[in-house]
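Asker: Handing you this structure, nothing more for now.
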Amino acid sequence: MLQATETRELIEVELLGVRLRGTFHRPAESAADPRTVGSGQARTAVLFLNSLALPRAASGDSAVYWAESFAKRGYPAFRFDLPGLGDSDGETSTDLLDFINAGGYAAAAAHLAKEVVARGNLSGVVVVGHCAGSVSAVFAAAACKECKGLILMDPYFHLPVAKRPEVREKLSHWVRRSGVGNTLSNIYDRAKHLRLVLGGASLPGNANGALLSKWKTVASAGLPILMFKAPGIKASGSKPRLGEFDYIQHVLKLAGRKSRVVVKTIDKADHSFANREARDAVREEIENWLATNFPLTDPEVSAQPTPQSSIKYNQSSPTKTMRPPSNQDCALEGR
């Protein structure tokens with residue numbers, strides 16, 4: 001296996017004796033010498049984190065597609081496996097979801113941000129997280145000044161269970177396929193909604209208080225944040241289904257008036273955002289957002305093809321990617 005191609009390079013970062021492996025997507029630039037910075041500009045990079053146990057390529061290689069697209073626009077892009085995941089060394093927690101929801105990967109993600117900024121002489125990074133990865137992204141943003149922005153895909157702010165009981169799973173399948181079940185489900189949703197109304201604006205008991213606190217810290221400080229939502233079951237746009245607490249509305253209030261949070265609903269997406277139409281929609285939204293919040297100083301950069309980059313990193317030895325078990329691909333399976 002090649003350690004480097006014209007547009008990508010396998011790289012390594014040491015974290016407390018643990019080797020983390022990732023892929024660096026070289027940005028397009030006009031430098032004649034691929035190992036010399038042509039414009040001398042300090043760019044903002046894009047750093048992708050794992051979603052739960054998924055490898056750094058993400059579902060359907062969607063992270064590869066996005067990283068390659070942003071690099072062609074002139075933004076260095078990095079896809080890293082966190083400790084114990086994918087190609088990286090280290091042990092994975094037996095309670096991975098609980099570990100992530102407690103901010104367990106915050107230190108590793110913050111270290112990665114600092115490393116890529118320091119080695120590449122960059123101005124900072126925008127951290128991208130999907131589902132459980134969005135939790136790690138928020139915790140990391142609160143832990144390092146190198147994080148200049150966040151892109152969160154279907155983030156959640158409660159404490160989901162790793163897997164629902166089998167009985168409840170069967171009941172959910174029956175409800176989706178049965179007219180009677182659908183009617184009972186609607187009645188149940190209205191009852192839950194009534195309980196929410198009577199309870200006022202109080203948070204549910206399973207709210208992730210630590211995560212909400214970190215969110216308030218970074219969002220209220222004016223950190224640029226782009227949030228994507230996929231349509232949920234019996235939901236409308238970014239609004240949750242009837243009877244569910246509206247966390248998006250809650251976190252927007254926490255962010256305050258000085259916040260720079262943008263929420264986008266991708267109508268044709270599923271939770272993975274990996275289908276073709278959703279991937280393209282996400283790419284277009286992110287490219288516009290990057291150009292607005294982190295414009296490149298060289299106006300010719302985004303029009304260039306994708307030659308070699310000036311940023312150098314340690315190459316990694318090729319290793320086999322460990323695919324996660326099927327019930328570990330999404331933190332929200334058991335909500």
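Residues in the structure tokens are named by chain (A, B, ... in the order shown) and by number from 1 within that chain; ligands are numbered from 1 in the order shown.
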Within 8 Å of stretch 109-126 of chain A, counting only C-alpha atoms, which residues show up once you throw out same-chain ones fewer than 3 positions away? Write them as number ranges by chain, please.
Answerer: A: 13, 15, 42-47, 49, 82, 105-106, 136-137, 140-141, 143-144, 146-151, 311-313
Asker: Write the selection just made, keeping C-alpha atoms, as an mmCIF file, in the first residue's frame?
Answerer:
data_model
loop_
_atom_site.group_PDB
_atom_site.id
_atom_site.type_symbol
_atom_site.label_atom_id
_atom_site.label_comp_id
_atom_site.auth_asym_id
_atom_site.auth_seq_id
_atom_site.Cartn_x
_atom_site.Cartn_y
_atom_site.Cartn_z
ATOM 1 C CA VAL A 13 0.671 11.606 15.759
ATOM 2 C CA LEU A 15 -0.358 10.953 22.081
ATOM 3 C CA ALA A 42 -1.853 30.609 7.350
ATOM 4 C CA ARG A 43 -4.863 28.484 6.467
ATOM 5 C CA THR A 44 -7.631 27.003 8.550
ATOM 6 C CA ALA A 45 -7.792 23.214 8.337
ATOM 7 C CA VAL A 46 -10.736 20.843 8.673
ATOM 8 C CA LEU A 47 -10.379 17.980 11.173
ATOM 9 C CA LEU A 49 -13.369 12.867 14.181
ATOM 10 C CA LEU A 82 -9.043 8.395 17.849
ATOM 11 C CA TYR A 105 -12.011 11.811 23.755
ATOM 12 C CA ALA A 106 -11.760 15.555 24.435
ATOM 13 C CA SER A 136 -16.282 14.820 21.213
ATOM 14 C CA ALA A 137 -16.044 17.893 18.971
ATOM 15 C CA ALA A 140 -12.592 19.389 22.339
ATOM 16 C CA ALA A 141 -13.547 22.926 21.289
ATOM 17 C CA ALA A 143 -10.415 22.416 25.660
ATOM 18 C CA CYS A 144 -8.222 24.041 22.998
ATOM 19 C CA GLU A 146 -6.768 26.003 18.176
ATOM 20 C CA CYS A 147 -10.400 25.072 17.439
ATOM 21 C CA LYS A 148 -11.760 28.007 15.428
ATOM 22 C CA GLY A 149 -15.081 26.496 14.439
ATOM 23 C CA LEU A 150 -17.377 23.464 14.683
ATOM 24 C CA ILE A 151 -19.400 21.468 12.159
ATOM 25 C CA ILE A 311 2.553 20.924 4.762
ATOM 26 C CA LYS A 312 4.642 17.940 5.886
ATOM 27 C CA TYR A 313 3.714 15.256 8.390
#
Asker: What does the distance from atom CA of A:Ala77 to atom CA of A:Lys258 come to in Å, to one decimal?
Answerer: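 Atom CA of A:Ala77 sits 28.2 Å away from atom CA of A:Lys258.
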Asker: Which residue, A:His158, A:Arg73, A:Lys229, A:Arg21, has the smallest gap to A:Lys268 when you use only C-alpha atoms?
Answerer: A:Lys229
Asker: Rank A:Ala108, A:Ala142, A:Leu211, A:Leu254 by their smallest atom-to-atom distance to A:Gly17, using only C-alpha atoms, and report the top residue only.
Answerer: A:Ala108
Asker: Would you work out the distance separating atom CA of A:Pro160 from atom CA of A:Tyr247, expressed in Å to one decimal?
Answerer: 13.5 Å
